[in-house]
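Shown below: my_file.tsv, with TSV, C-alpha atoms.
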chain	number	residue	atom	x	y	z
A	1	MET	CA	98.66	74.95	98.32
A	2	GLY	CA	98.81	78.75	98.57
A	3	ALA	CA	96.44	80.95	100.51
A	4	GLN	CA	93.20	81.81	98.75
A	5	ARG	CA	93.17	85.26	97.16
A	6	ALA	CA	90.70	87.86	98.36
A	7	PRO	CA	87.90	88.21	95.77
A	8	LEU	CA	88.81	91.80	94.84
A	9	GLU	CA	92.59	91.50	95.14
A	10	GLY	CA	94.30	93.36	92.31
A	11	ARG	CA	91.18	95.35	91.48
A	12	THR	CA	90.76	99.10	91.67
A	13	VAL	CA	87.30	100.43	92.51
A	14	LEU	CA	86.06	104.01	92.31
A	15	VAL	CA	83.57	105.06	95.00
A	16	THR	CA	81.56	108.18	94.12
A	17	ARG	CA	79.45	108.63	97.27
A	18	PRO	CA	79.45	111.92	99.24
A	19	GLN	CA	82.35	112.13	101.66
A	20	ASP	CA	80.29	111.53	104.82
A	21	GLN	CA	78.67	108.42	103.32
A	22	ALA	CA	81.63	106.77	101.61
A	23	GLN	CA	83.58	105.25	104.49
A	24	GLY	CA	81.44	102.14	105.01
A	25	LEU	CA	81.54	101.20	101.34
A	26	ARG	CA	85.24	101.93	101.08
A	27	THR	CA	86.03	99.78	104.13
A	28	ALA	CA	83.92	96.86	102.88
A	29	LEU	CA	85.62	96.87	99.47
A	30	GLN	CA	89.09	97.15	100.97
A	31	ALA	CA	88.35	94.22	103.28
A	32	LEU	CA	87.83	92.13	100.14
A	33	GLY	CA	91.21	93.17	98.73
A	34	ALA	CA	90.27	96.11	96.50
A	35	THR	CA	92.28	99.27	96.06
A	36	VAL	CA	89.67	101.99	96.54
A	37	HIS	CA	89.67	105.57	95.29
A	38	ALA	CA	86.91	107.58	96.98
A	39	VAL	CA	86.03	110.67	94.95
A	40	PRO	CA	82.84	112.37	96.20
A	41	VAL	CA	81.26	113.58	92.96
A	42	ILE	CA	78.26	115.19	94.68
A	43	ARG	CA	77.66	117.30	97.75
A	44	ILE	CA	74.51	117.43	99.86
A	45	ARG	CA	73.44	121.02	100.43
A	46	ALA	CA	70.81	122.55	102.69
A	47	LEU	CA	68.14	124.61	100.98
A	48	GLU	CA	68.66	128.37	100.94
A	49	ASP	CA	65.07	128.76	102.19
A	50	PRO	CA	63.93	125.89	104.44
A	51	GLY	CA	60.65	127.64	105.24
A	52	ALA	CA	58.41	124.95	103.74
A	53	LEU	CA	60.29	122.21	105.57
A	54	ARG	CA	60.12	124.17	108.83
A	55	ARG	CA	56.35	124.64	108.47
A	56	ALA	CA	55.84	120.94	107.76
A	57	ALA	CA	57.95	120.00	110.80
A	58	SER	CA	55.73	122.17	113.00
A	59	GLN	CA	52.58	120.45	111.71
A	60	LEU	CA	53.53	116.76	111.73
A	61	GLY	CA	50.39	115.85	113.64
A	62	THR	CA	48.19	116.94	110.73
A	63	TYR	CA	49.48	114.18	108.44
A	64	HIS	CA	48.50	110.53	108.32
A	65	TRP	CA	51.81	109.44	106.78
A	66	LEU	CA	55.38	110.75	106.70
A	67	VAL	CA	57.34	109.35	103.76
A	68	PHE	CA	61.14	109.49	103.53
A	69	THR	CA	63.18	108.47	100.49
A	70	SER	CA	66.65	108.97	102.00
A	71	ARG	CA	68.35	109.43	105.32
A	72	ASN	CA	69.38	112.93	104.23
A	73	GLY	CA	65.69	113.82	104.22
A	74	VAL	CA	65.30	112.41	107.73
A	75	PHE	CA	68.27	114.42	108.99
A	76	ALA	CA	66.99	117.60	107.33
A	77	LEU	CA	63.53	117.29	108.89
A	78	ALA	CA	65.03	116.48	112.29
A	79	GLU	CA	67.03	119.72	112.18
A	80	GLN	CA	63.75	121.65	111.93
A	81	LEU	CA	62.23	120.01	115.01
A	82	PRO	CA	62.52	122.10	118.19
A	83	SER	CA	63.95	119.08	120.02
A	84	PRO	CA	63.85	115.29	119.77
A	85	GLU	CA	60.19	114.49	120.24
A	86	PRO	CA	57.93	111.45	119.89
A	87	LEU	CA	56.06	110.86	116.68
A	88	PRO	CA	52.62	112.50	116.97
A	89	GLU	CA	49.80	110.07	117.73
A	90	GLY	CA	48.13	108.69	114.63
A	91	VAL	CA	51.04	109.48	112.30
A	92	ARG	CA	52.76	106.61	110.53
A	93	VAL	CA	56.12	106.50	108.80
A	94	ALA	CA	57.16	104.88	105.51
A	95	CYS	CA	60.72	104.60	104.19
A	96	ILE	CA	62.57	103.43	101.13
A	97	GLY	CA	65.54	101.34	102.19
A	98	PRO	CA	67.08	100.16	105.45
A	99	ALA	CA	69.51	103.08	105.84
A	100	THR	CA	66.61	105.52	105.75
A	101	ALA	CA	64.64	103.38	108.20
A	102	GLU	CA	67.60	103.29	110.58
A	103	ALA	CA	67.84	107.09	110.49
A	104	VAL	CA	64.16	107.29	111.44
A	105	ARG	CA	64.66	104.88	114.33
A	106	GLN	CA	67.53	107.01	115.58
A	107	LEU	CA	64.92	109.71	116.18
A	108	GLY	CA	63.04	107.26	118.36
A	109	TRP	CA	60.28	106.90	115.78
A	110	PRO	CA	58.88	103.58	114.52
A	111	VAL	CA	58.85	102.59	110.86
A	112	HIS	CA	55.46	101.25	109.81
A	113	LEU	CA	56.01	100.53	106.12
A	114	GLN	CA	59.07	99.60	104.07
A	115	PRO	CA	58.88	97.88	100.67
A	116	SER	CA	60.78	94.70	99.87
A	117	GLN	CA	62.38	96.44	96.88
A	118	TYR	CA	63.96	99.78	97.68
A	119	VAL	CA	62.53	101.88	94.85
A	120	ALA	CA	59.63	104.33	94.67
A	121	GLU	CA	57.44	102.06	92.58
A	122	SER	CA	57.62	99.29	95.20
A	123	LEU	CA	56.62	101.71	97.94
A	124	VAL	CA	53.58	102.75	95.91
A	125	GLU	CA	52.64	99.08	95.59
A	126	ALA	CA	53.00	98.64	99.35
A	127	PHE	CA	50.73	101.65	99.96
A	128	GLN	CA	48.15	100.14	97.64
A	129	GLU	CA	47.65	97.37	100.19
A	130	VAL	CA	47.15	99.93	102.97
A	131	GLY	CA	44.43	102.06	101.38
A	132	MET	CA	45.31	105.70	100.84
A	133	GLY	CA	42.03	107.37	99.87
A	134	GLY	CA	41.89	110.80	101.51
A	135	ARG	CA	45.08	110.20	103.52
A	136	ARG	CA	47.31	113.25	104.01
A	137	VAL	CA	50.92	112.45	103.16
A	138	LEU	CA	54.07	114.48	103.76
A	139	LEU	CA	56.77	113.39	101.32
A	140	VAL	CA	60.24	114.60	102.34
A	141	ARG	CA	62.78	114.26	99.55
A	142	ALA	CA	65.60	115.78	97.52
A	143	GLN	CA	64.94	118.73	95.26
A	144	GLU	CA	65.98	116.67	92.22
A	145	ALA	CA	63.89	113.54	92.98
A	146	ARG	CA	61.73	111.75	90.42
A	147	GLY	CA	57.95	112.18	90.26
A	148	ALA	CA	57.12	108.47	90.46
A	149	LEU	CA	56.33	108.43	94.18
A	150	PRO	CA	54.06	111.48	94.55
A	151	GLU	CA	52.28	110.67	91.29
A	152	GLY	CA	51.74	107.08	92.35
A	153	LEU	CA	50.36	108.09	95.76
A	154	ARG	CA	47.98	110.59	94.20
A	155	ARG	CA	46.66	107.89	91.89
A	156	LEU	CA	45.82	105.94	95.05
A	157	GLY	CA	43.75	108.87	96.29
A	158	ALA	CA	46.23	110.37	98.75
A	159	GLN	CA	46.63	114.10	99.32
A	160	VAL	CA	50.39	114.51	98.91
A	161	GLU	CA	52.45	117.47	100.06
A	162	VAL	CA	55.96	117.31	98.62
A	163	VAL	CA	58.60	119.15	100.63
A	164	CYS	CA	62.16	119.46	99.36
A	165	ALA	CA	64.55	118.93	102.26
A	166	TYR	CA	67.93	119.31	100.55
A	167	ARG	CA	69.60	119.50	97.19
A	168	THR	CA	72.58	117.87	95.56
A	169	GLU	CA	75.21	119.53	93.41
A	170	PRO	CA	78.34	118.33	91.61
A	171	ALA	CA	81.52	118.58	93.68
A	172	TYR	CA	83.22	120.79	91.11
A	173	ASN	CA	86.52	120.92	92.98
A	174	GLU	CA	86.84	117.13	92.54
A	175	ALA	CA	86.84	117.27	88.71
A	176	GLY	CA	90.61	117.15	88.32
A	177	ARG	CA	91.01	114.34	90.83
A	178	LEU	CA	88.24	112.28	89.23
A	179	GLN	CA	89.82	112.58	85.80
A	180	GLU	CA	93.26	111.72	87.17
A	181	VAL	CA	91.97	108.59	88.95
A	182	LEU	CA	90.29	107.45	85.75
A	183	ARG	CA	93.43	108.05	83.72
A	184	GLN	CA	95.48	105.99	86.19
A	185	GLY	CA	93.10	103.09	85.65
A	186	VAL	CA	89.94	101.87	87.37
A	187	ASP	CA	88.40	98.41	87.03
A	188	VAL	CA	84.94	99.22	88.42
A	189	THR	CA	83.03	102.40	89.20
A	190	THR	CA	80.22	102.34	91.77
A	191	PHE	CA	77.19	104.63	91.75
A	192	CYS	CA	74.55	105.01	94.46
A	193	SER	CA	72.24	107.61	92.91
A	194	PRO	CA	71.26	109.12	89.56
A	195	SER	CA	72.60	112.47	90.76
A	196	ALA	CA	76.04	110.89	91.24
A	197	VAL	CA	75.95	109.57	87.69
A	198	ARG	CA	75.03	112.97	86.25
A	199	ALA	CA	77.65	114.73	88.38
A	200	ALA	CA	80.43	112.32	87.39
A	201	VAL	CA	79.69	112.87	83.72
A	202	GLN	CA	79.66	116.64	84.25
A	203	LEU	CA	82.95	116.58	86.19
A	204	CYS	CA	84.64	114.60	83.43
A	205	GLY	CA	83.85	117.37	80.96
A	206	GLY	CA	85.52	116.60	77.64
A	207	ALA	CA	87.05	113.44	79.11
A	208	THR	CA	83.80	111.48	79.40
A	209	LEU	CA	85.30	108.63	77.37
A	210	LEU	CA	87.41	107.84	80.44
A	211	LEU	CA	84.23	107.23	82.45
A	212	GLU	CA	82.37	105.45	79.67
A	213	ALA	CA	85.22	102.93	79.34
A	214	VAL	CA	84.87	101.70	82.94
A	215	PRO	CA	82.23	99.10	83.92
A	216	ALA	CA	79.72	100.63	86.33
A	217	VAL	CA	78.04	98.79	89.20
A	218	CYS	CA	74.87	100.53	90.41
A	219	ILE	CA	72.96	100.28	93.68
A	220	GLY	CA	69.58	99.95	91.99
A	221	PRO	CA	67.61	100.04	88.72
A	222	VAL	CA	66.89	103.78	88.83
A	223	THR	CA	70.60	104.56	89.12
A	224	ALA	CA	71.36	101.99	86.42
A	225	SER	CA	68.86	103.63	84.06
A	226	ALA	CA	70.52	106.99	84.63
A	227	ALA	CA	73.91	105.43	83.90
A	228	LEU	CA	72.69	103.85	80.68
A	229	ARG	CA	71.16	107.14	79.54
A	230	ALA	CA	74.52	108.79	80.20
A	231	GLY	CA	76.24	106.30	77.94
A	232	LEU	CA	77.96	104.32	80.70
A	233	ARG	CA	78.56	100.56	80.71
A	234	VAL	CA	76.36	99.07	83.42
A	235	ALA	CA	78.02	95.80	84.44
A	236	ALA	CA	75.82	94.85	87.41
A	237	VAL	CA	72.98	96.07	89.62
A	238	ALA	CA	72.85	95.41	93.35
A	239	HIS	CA	70.24	93.01	94.77
A	240	PRO	CA	69.21	94.02	97.37
A	241	HIS	CA	69.61	97.72	96.67
A	242	THR	CA	71.85	98.38	99.67
A	243	GLN	CA	75.51	99.03	100.35
A	244	GLU	CA	75.99	95.35	101.13
A	245	GLY	CA	74.23	94.42	97.91
A	246	LEU	CA	76.46	96.82	96.00
A	247	VAL	CA	79.61	95.17	97.37
A	248	GLU	CA	78.23	91.74	96.45
A	249	ALA	CA	77.46	92.99	92.94
A	250	VAL	CA	81.05	94.18	92.50
A	251	VAL	CA	82.33	90.76	93.59
A	252	ARG	CA	79.84	89.03	91.32
A	253	PHE	CA	80.99	91.08	88.34
A	254	VAL	CA	84.68	90.42	89.04
A	255	ARG	CA	84.07	86.69	89.43
A	256	GLY	CA	82.20	86.71	86.14
A	257	GLN	CA	85.38	87.98	84.53
A	258	GLY	CA	87.30	85.08	85.97
A	259	GLY	CA	88.39	86.98	89.07
A	260	GLN	CA	91.74	87.97	87.57
A	261	PRO	CA	92.91	91.57	87.08
How does this structure look as structure tokens?
Amino acid sequence: MGAQRAPLEGRTVLVTRPQDQAQGLRTALQALGATVHAVPVIRIRALEDPGALRRAASQLGTYHWLVFTSRNGVFALAEQLPSPEPLPEGVRVACIGPATAEAVRQLGWPVHLQPSQYVAESLVEAFQEVGMGGRRVLLVRAQEARGALPEGLRRLGAQVEVVCAYRTEPAYNEAGRLQEVLRQGVDVTTFCSPSAVRAAVQLCGGATLLLEAVPAVCIGPVTASAALRAGLRVAAVAHPHTQEGLVEAVVRFVRGQGGQP
């Protein structure tokens, strides 16, 4: 009896995460036998004017809650702090997702609230149990983020200050490489954010049919909704909405096809 095949042997997977975030996903997929093409379709950029973020960083003690939706937001705020410093007394921290929470803990800060589902709506539900009437909240997020979180917190009675910490943009110089990888043949494309979906479509230009023909596996429902709106074929959604869940979703999809390339 021959050796058992790796679950992704013979499969080619496209990873679209930014370059500094792609290695873990790439390694995990390769360990399961996949051939991986990592094409960073977006770039994380600092804001041209970080004045609002700098002011918020200097006044952390005036807030009841700090809310982070990504580790990029944590890193951006940390850069505005004069030095690593303890969380001001009375301030609590909420995060969406374990990667964001880990970035907070790297600052030496505790994480007081994290929803079981890693989407904005679940965090709003978690805050509902806390009681937010009159609470001052600093929400640190991407420039392109959805309005679900601040709107939900305001409905709970919170005073929300939204500060954009960074922006994303398509990695225009990767357009040719993305199209070439798709032409060579990809079995699964992975997406970890709506901005990555939008960027991939933009980078394909007139060759969007190449992207639409490939099954997409998405890290969560918000990303999946963006993919569907873009006309992509969503084959699976990660549960939980983490890198590990994304890898499991890719395997689950391949097994559903019989596991054969």
Around all the atoms of stretch 240-244 of chain A listed in the file, draw an axis-aligned box and extend it by 8 Å on each of the six sides; I want its centre and edge lengths in Å to one decimal, as JSON.
{"center_x": 72.6, "center_y": 96.5, "center_z": 98.9, "size_x": 22.8, "size_y": 21.0, "size_z": 20.5}
Given only C-alpha atoms as the basis, pick out the residue of A:Ala158, A:Ala171, A:Val250, A:Val67 nearest to A:Leu113.
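Among the listed residues, A:Val67 lies closest to A:Leu113.
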Selected residue, from A:Val217, A:Ala165, A:Leu211, A:Val181, that lies nearest to A:Ala52 when counting all atoms listed in the file:
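Of A:Val217, A:Ala165, A:Leu211, A:Val181, the one nearest A:Ala52, counting all atoms listed in the file, is A:Ala165.
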So, with only C-alpha atoms as the atoms that count, which of A:Ile219, A:Ala175, A:Ala227, A:Ala78 lies closest to A:Val39?
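Closest residue, counting only C-alpha atoms: A:Ala175.
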Quick one: everything within 9 Å of A:Gly61, counting all atoms listed in the file, minus sequence neighbours fewer than 5 positions away in the same chain. Send it as an MDAnalysis selection string.
chainID A and resid 87:91
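Interatomic distance, atom CA of A:Gly51 against atom CA of A:Asn72: 17.1 Å.
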Within 12 Å of stretch 144-150 of chain A: each stretch 182-215 of chain A residue with its shortest pair, only C-alpha atoms, as JSON lines:
{"residue": "A:Ser193", "atom": "CA", "partner": "A:Ala145", "partner_atom": "CA", "distance": 10.2}
{"residue": "A:Pro194", "atom": "CA", "partner": "A:Ala145", "partner_atom": "CA", "distance": 9.2}
{"residue": "A:Ser195", "atom": "CA", "partner": "A:Glu144", "partner_atom": "CA", "distance": 8.0}
{"residue": "A:Ala196", "atom": "CA", "partner": "A:Glu144", "partner_atom": "CA", "distance": 11.6}
{"residue": "A:Arg198", "atom": "CA", "partner": "A:Glu144", "partner_atom": "CA", "distance": 11.5}
With C-alpha atoms retained, could you export that selection as a CSV table (one decimal), in the frame of the given file?
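Contents of the output file result-v9.csv:
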chain,number,residue,atom,x,y,z
A,193,SER,CA,72.2,107.6,92.9
A,194,PRO,CA,71.3,109.1,89.6
A,195,SER,CA,72.6,112.5,90.8
A,196,ALA,CA,76.0,110.9,91.2
A,198,ARG,CA,75.0,113.0,86.2
